[in-house]
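Trainee: Below you'll find target_0.cif; it's mmCIF, C-alpha atoms.
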data_coords
loop_
_atom_site.label_atom_id
_atom_site.label_comp_id
_atom_site.auth_asym_id
_atom_site.auth_seq_id
_atom_site.Cartn_x
_atom_site.Cartn_y
_atom_site.Cartn_z
CA MET O 1 38.04 -29.43 52.88
CA THR O 2 37.39 -29.16 49.21
CA ALA O 3 34.55 -27.39 47.51
CA THR O 4 31.39 -29.30 46.84
CA THR O 5 31.49 -31.26 43.60
CA THR O 6 28.21 -32.51 42.23
CA VAL O 7 28.23 -36.04 40.84
CA PRO O 8 24.78 -36.28 39.29
CA THR O 9 24.78 -39.94 38.26
CA ALA O 10 27.40 -42.47 39.21
CA ARG O 11 27.91 -45.77 37.44
CA THR O 12 27.99 -49.02 39.37
CA THR O 13 28.87 -52.55 38.48
CA THR O 14 29.46 -55.74 40.42
CA LEU O 15 31.96 -58.37 39.42
CA SER O 16 32.91 -61.72 40.85
CA SER O 17 36.11 -62.03 42.83
CA PRO O 18 37.67 -64.85 44.85
CA ASP O 19 36.53 -62.95 47.94
CA GLY O 20 32.93 -62.58 46.80
CA PRO O 21 31.03 -60.03 44.76
CA PHE O 22 32.92 -56.73 44.43
CA THR O 23 31.04 -53.54 43.55
CA VAL O 24 32.51 -50.28 42.32
CA VAL O 25 30.81 -46.90 42.23
CA VAL O 26 32.47 -44.46 39.85
CA ASP O 27 31.79 -40.96 38.61
CA PRO O 28 31.16 -40.50 34.86
CA ASP O 29 34.92 -40.11 34.27
CA GLY O 30 35.74 -43.45 35.94
CA THR O 31 37.05 -42.09 39.23
CA VAL O 32 36.21 -44.46 42.08
CA LEU O 33 33.93 -42.94 44.70
CA ALA O 34 33.32 -46.17 46.64
CA SER O 35 33.98 -49.87 46.38
CA GLY O 36 33.76 -53.04 48.40
CA TRP O 37 32.80 -56.68 48.68
CA THR O 38 29.05 -56.31 48.47
CA THR O 39 26.27 -56.32 45.89
CA ASP O 40 24.59 -53.37 47.61
CA ALA O 41 25.67 -50.30 45.65
CA ASP O 42 23.37 -48.09 47.74
CA SER O 43 25.27 -48.99 50.91
CA LEU O 44 28.50 -47.98 49.17
CA VAL O 45 26.99 -44.69 48.00
CA GLY O 46 26.06 -44.04 51.63
CA LEU O 47 29.78 -44.13 52.50
CA VAL O 48 30.59 -41.33 50.05
CA HIS O 49 31.06 -37.89 51.59
CA PRO O 50 27.99 -35.68 50.94
CA ASP O 51 30.14 -33.20 48.97
CA VAL O 52 30.78 -35.79 46.25
CA ARG O 53 27.91 -38.23 46.81
CA PRO O 54 26.05 -38.95 43.58
CA THR O 55 22.42 -37.98 43.36
CA ALA O 56 21.63 -41.17 41.45
CA THR O 57 23.29 -44.37 40.27
CA THR O 58 22.99 -46.40 37.12
CA THR O 59 23.99 -50.05 37.01
CA VAL O 60 26.11 -50.73 33.94
CA PRO O 61 27.82 -53.81 32.50
CA ASP O 62 31.42 -54.33 33.56
CA ASP O 63 32.70 -53.28 30.13
CA ASP O 64 31.04 -49.86 30.25
CA PRO O 65 33.74 -47.24 29.61
CA ALA O 66 33.13 -45.49 32.95
CA VAL O 67 33.82 -48.63 35.02
CA ALA O 68 36.18 -50.45 32.65
CA GLY O 69 39.39 -49.08 34.20
CA ALA O 70 38.44 -50.00 37.74
CA VAL O 71 37.13 -53.41 36.65
CA ALA O 72 40.32 -54.17 34.70
CA ALA O 73 42.42 -53.21 37.72
CA VAL O 74 40.41 -55.46 40.06
CA ARG O 75 40.71 -58.39 37.64
CA ALA O 76 44.46 -57.79 37.21
CA TYR O 77 44.87 -57.53 40.98
CA TYR O 78 43.22 -60.90 41.52
CA ALA O 79 45.21 -62.38 38.62
CA GLY O 80 48.40 -61.52 40.52
CA ASP O 81 49.25 -57.93 39.55
CA VAL O 82 48.68 -56.57 43.06
CA ARG O 83 49.87 -53.12 41.98
CA ALA O 84 47.21 -52.76 39.27
CA ILE O 85 44.92 -50.92 41.68
CA ASP O 86 47.51 -48.18 42.33
CA ALA O 87 46.83 -46.17 39.17
CA VAL O 88 43.03 -46.12 39.47
CA PRO O 89 41.85 -42.61 40.35
CA VAL O 90 39.90 -42.26 43.60
CA ARG O 91 37.96 -39.29 44.96
CA GLN O 92 37.27 -39.08 48.69
CA VAL O 93 36.60 -35.93 50.66
CA SER O 94 37.21 -35.25 54.33
CA GLY O 95 39.25 -33.00 56.56
CA PRO O 96 42.92 -32.38 55.76
CA TYR O 97 44.34 -35.15 57.96
CA ARG O 98 42.01 -37.90 56.79
CA ALA O 99 42.39 -36.96 53.12
CA HIS O 100 46.18 -37.01 53.54
CA ALA O 101 45.98 -40.32 55.44
CA TRP O 102 44.06 -41.89 52.54
CA ASP O 103 46.75 -40.71 50.13
CA VAL O 104 49.37 -42.26 52.41
CA LEU O 105 47.46 -45.56 52.46
CA ARG O 106 47.90 -45.73 48.70
CA THR O 107 51.68 -45.77 49.24
CA VAL O 108 51.70 -48.78 51.57
CA ASP O 109 53.20 -51.55 49.48
CA ALA O 110 51.33 -54.74 48.76
CA GLY O 111 52.89 -57.57 50.71
CA ASP O 112 54.29 -55.20 53.35
CA PRO O 113 51.45 -54.30 55.72
CA VAL O 114 52.01 -51.72 58.45
CA THR O 115 50.67 -51.32 61.97
CA TYR O 116 48.28 -48.54 62.92
CA THR O 117 51.20 -46.98 64.82
CA ARG O 118 53.41 -47.03 61.73
CA TYR O 119 50.53 -45.75 59.60
CA ALA O 120 50.12 -42.79 61.97
CA GLU O 121 53.85 -42.11 61.65
CA LEU O 122 53.71 -42.29 57.86
CA SER O 123 50.76 -39.90 57.95
CA GLY O 124 52.89 -37.33 59.77
CA ARG O 125 51.16 -37.58 63.14
CA PRO O 126 52.84 -40.35 65.17
CA ALA O 127 50.63 -39.76 68.21
CA ALA O 128 47.42 -39.90 66.16
CA VAL O 129 46.98 -43.66 66.10
CA ARG O 130 43.23 -43.36 66.67
CA ALA O 131 42.91 -40.82 63.86
CA ALA O 132 44.83 -43.19 61.56
CA ALA O 133 42.49 -46.02 62.53
CA GLY O 134 39.55 -43.68 61.90
CA ALA O 135 40.82 -42.99 58.39
CA CYS O 136 40.78 -46.73 57.73
CA ALA O 137 37.29 -47.07 59.18
CA MET O 138 35.92 -44.20 57.05
CA ASN O 139 37.55 -45.33 53.80
CA ALA O 140 34.84 -45.72 51.17
CA ALA O 141 37.14 -46.99 48.40
CA ALA O 142 38.20 -50.38 49.73
CA LEU O 143 40.92 -52.16 47.77
CA PHE O 144 41.88 -49.01 45.79
CA VAL O 145 42.71 -47.29 49.08
CA PRO O 146 44.11 -50.41 50.74
CA CYS O 147 43.10 -50.09 54.37
CA HIS O 148 43.36 -53.89 54.57
CA ARG O 149 47.15 -53.37 54.72
CA VAL O 150 46.98 -51.92 58.24
CA LEU O 151 47.28 -54.24 61.25
CA ARG O 152 47.13 -53.90 64.99
CA THR O 153 50.39 -53.22 66.80
CA ASP O 154 50.54 -56.85 67.93
CA GLY O 155 50.31 -57.99 64.31
CA SER O 156 46.72 -59.22 64.54
CA LEU O 157 44.26 -58.27 61.82
CA GLY O 158 42.13 -55.74 63.67
CA GLY O 159 38.87 -54.83 61.96
CA PHE O 160 37.72 -54.62 58.37
CA ARG O 161 34.33 -53.49 57.06
CA TYR O 162 34.07 -56.54 54.80
CA GLY O 163 35.14 -59.10 57.39
CA LEU O 164 38.37 -60.57 58.59
CA ASP O 165 38.18 -63.49 56.14
CA VAL O 166 38.38 -61.02 53.23
CA LYS O 167 41.19 -59.06 54.90
CA ARG O 168 43.14 -62.26 55.59
CA SER O 169 42.63 -63.41 52.00
CA LEU O 170 43.79 -60.07 50.54
CA LEU O 171 46.92 -60.03 52.69
CA ALA O 172 47.76 -63.64 51.78
CA HIS O 173 47.17 -62.90 48.08
CA GLU O 174 49.46 -59.89 48.25
CA ALA O 175 52.13 -61.81 50.15
CA ARG O 176 52.14 -64.44 47.36
CA HIS O 177 52.25 -61.96 44.48
CA ALA O 178 54.08 -58.85 45.71
CA GLY O 179 57.39 -60.45 44.73
#
How does the structure come out when it is put into structure tokens?
Mentor:
Amino acid sequence: MTATTTVPTARTTTLSSPDGPFTVVVDPDGTVLASGWTTDADSLVGLVHPDVRPTATTTVPDDDPAVAGAVAAVRAYYAGDVRAIDAVPVRQVSGPYRAHAWDVLRTVDAGDPVTYTRYAELSGRPAAVRAAAGACAMNAAALFVPCHRVLRTDGSLGGFRYGLDVKRSLLAHEARHAG
């Protein structure tokens, strides 16, 4: 666990993507707290751990300095630079395993999805397949922490908070552009 960090007012913006509206919630420094394919910023804020959950949000244009880095990365990602999301800072808080598992997710290469079993192995706990799946399920920063790159052991898609059509589209996009 980390100490409580107060984020008084987060910035939010929604941009269009081929997979539908994509909203980011960032702290004043531009660190992503939550993101996903929705126009409902409040639902995203609800996914943020209470230790770093903002007390308020302000909707800003997509060129506002606080959101500009995340927005540019999302646009570059959809334009074919599937690694553009890798450098965007993300802040998520949880217990030691889940926090580590989210860091590990950021190392799964675009175009090379892994199974939940392999993800558990990469996370250092090969027997903790359910815990690995739980880390995906509790991920608030979709796309930037690419939980869509984890599949069931049989290769099927499994679940995804934003729907299997979005997950399928992201994986196909990455397969085309990972090169």
Trainee: If we draw a sphere of 10 Å around (47.8, -46.4, 46.5), which residues have at least one atom in it when counting only C-alpha atoms? Please report them as a list in words.
Mentor: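 It turns out the residues near that spot are Arg83, Ala84, Ile85, Asp86, Ala87, Val88, Pro89, Val90, Trp102, Asp103, Val104, Leu105, Arg106, Thr107, Val108, Asp109, Ala110, Leu143, Phe144, Val145, Pro146 and Cys147 of chain O.
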Trainee: Check what the PyMOL selection byres ((chain O and resi 44) around 12) selects in the file above and give those residues as a PyMOL selection string.
Mentor: chain O and resi 10-14+22-26+32-43+45-49+53-54+57+138-142+161-162
Trainee: Give the answer as one residue: which of O:Val67, O:Ala76, O:Leu151, O:Ala101 has the shortest atom-to-atom distance to Ala120 in chain O, using all atoms listed in the file?
Mentor: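 Using all atoms listed in the file, the shortest distance to Ala120 in chain O belongs to O:Ala101.
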Trainee: Could you check the closest approach to Val71 in chain O for each of O:Leu15, O:Leu122, O:Ala178, O:Val52 and tell me which residue wins, using all atoms listed in the file?
Mentor: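 Closest to Val71 in chain O, using all atoms listed in the file: O:Leu15.
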Trainee: Just to confirm, what's the straight-line distance from CA of Pro50 in chain O to CA of Cys136 in chain O in Å (one decimal)?
Mentor: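 CA of Pro50 in chain O sits 18.2 Å away from CA of Cys136 in chain O.
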Trainee: Quick one: pull the distance between CA of Gly80 in chain O and CA of Gly179 in chain O, Å, one decimal.
Mentor: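 CA of Gly179 in chain O lies at a distance of 10.0 Å from CA of Gly80 in chain O.
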Trainee: Using Å and a single decimal, report how far CA of Ala172 in chain O sits from CA of Ala72 in chain O.
Mentor: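 Spanning CA of Ala72 in chain O to CA of Ala172 in chain O is a straight-line distance of 20.9 Å.
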Trainee: List as a PyMOL selection string the protein and nucleic acid residues near Asp154 in chain O, meaning an atom at most 12 Å away when all atoms listed in the file are counted, but skip any in the same chain fewer than 6 places from it.
Mentor: chain O and resi 114-118
Trainee: Between O:Asp51, O:Asp165, O:Asp19, O:Asp27, which residue has the minimum interatomic distance to Ser94 in chain O, considering only C-alpha atoms?
Mentor: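 Of all the options, O:Asp51 lies closest to Ser94 in chain O.
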Trainee: Using all atoms listed in the file, which residue out of O:Thr9, O:Ala79, O:Arg125, O:Pro113 lies closest to Gly155 in chain O?
Mentor: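 When distances to Gly155 in chain O are compared using all atoms listed in the file, the smallest one comes from O:Pro113.
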Trainee: Determine the nearest neighbour of Glu174 in chain O from the options O:Val93, O:Ala137, O:Val82, O:Ala131, counting all atoms listed in the file.
Mentor: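 The answer is O:Val82, which sits nearest to Glu174 in chain O.
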Trainee: Go through O:Gly30, O:Thr153, O:Arg91, O:Asp62 one by one, measure the shortest atom-to-atom distance of each to Ser16 in chain O using all atoms listed in the file, and give the residue with the smallest value.
Mentor: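 For Ser16 in chain O, the nearest of the given residues is O:Asp62.
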Trainee: For the PyMOL selection byres ((chain O and resi 169) around 12), applied here, can you spell out every residue it catches as a list in words?
Mentor: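 So the PyMOL selection byres ((chain O and resi 169) around 12), applied here, picks out Ser17, Pro18, Asp19, Gly20, Tyr78, Gly111, His148, Arg149, Leu157, Phe160, Tyr162, Gly163, Leu164, Asp165, Val166, Lys167, Arg168, Leu170, Leu171, Ala172, His173, Glu174, Ala175 and Arg176 of chain O.
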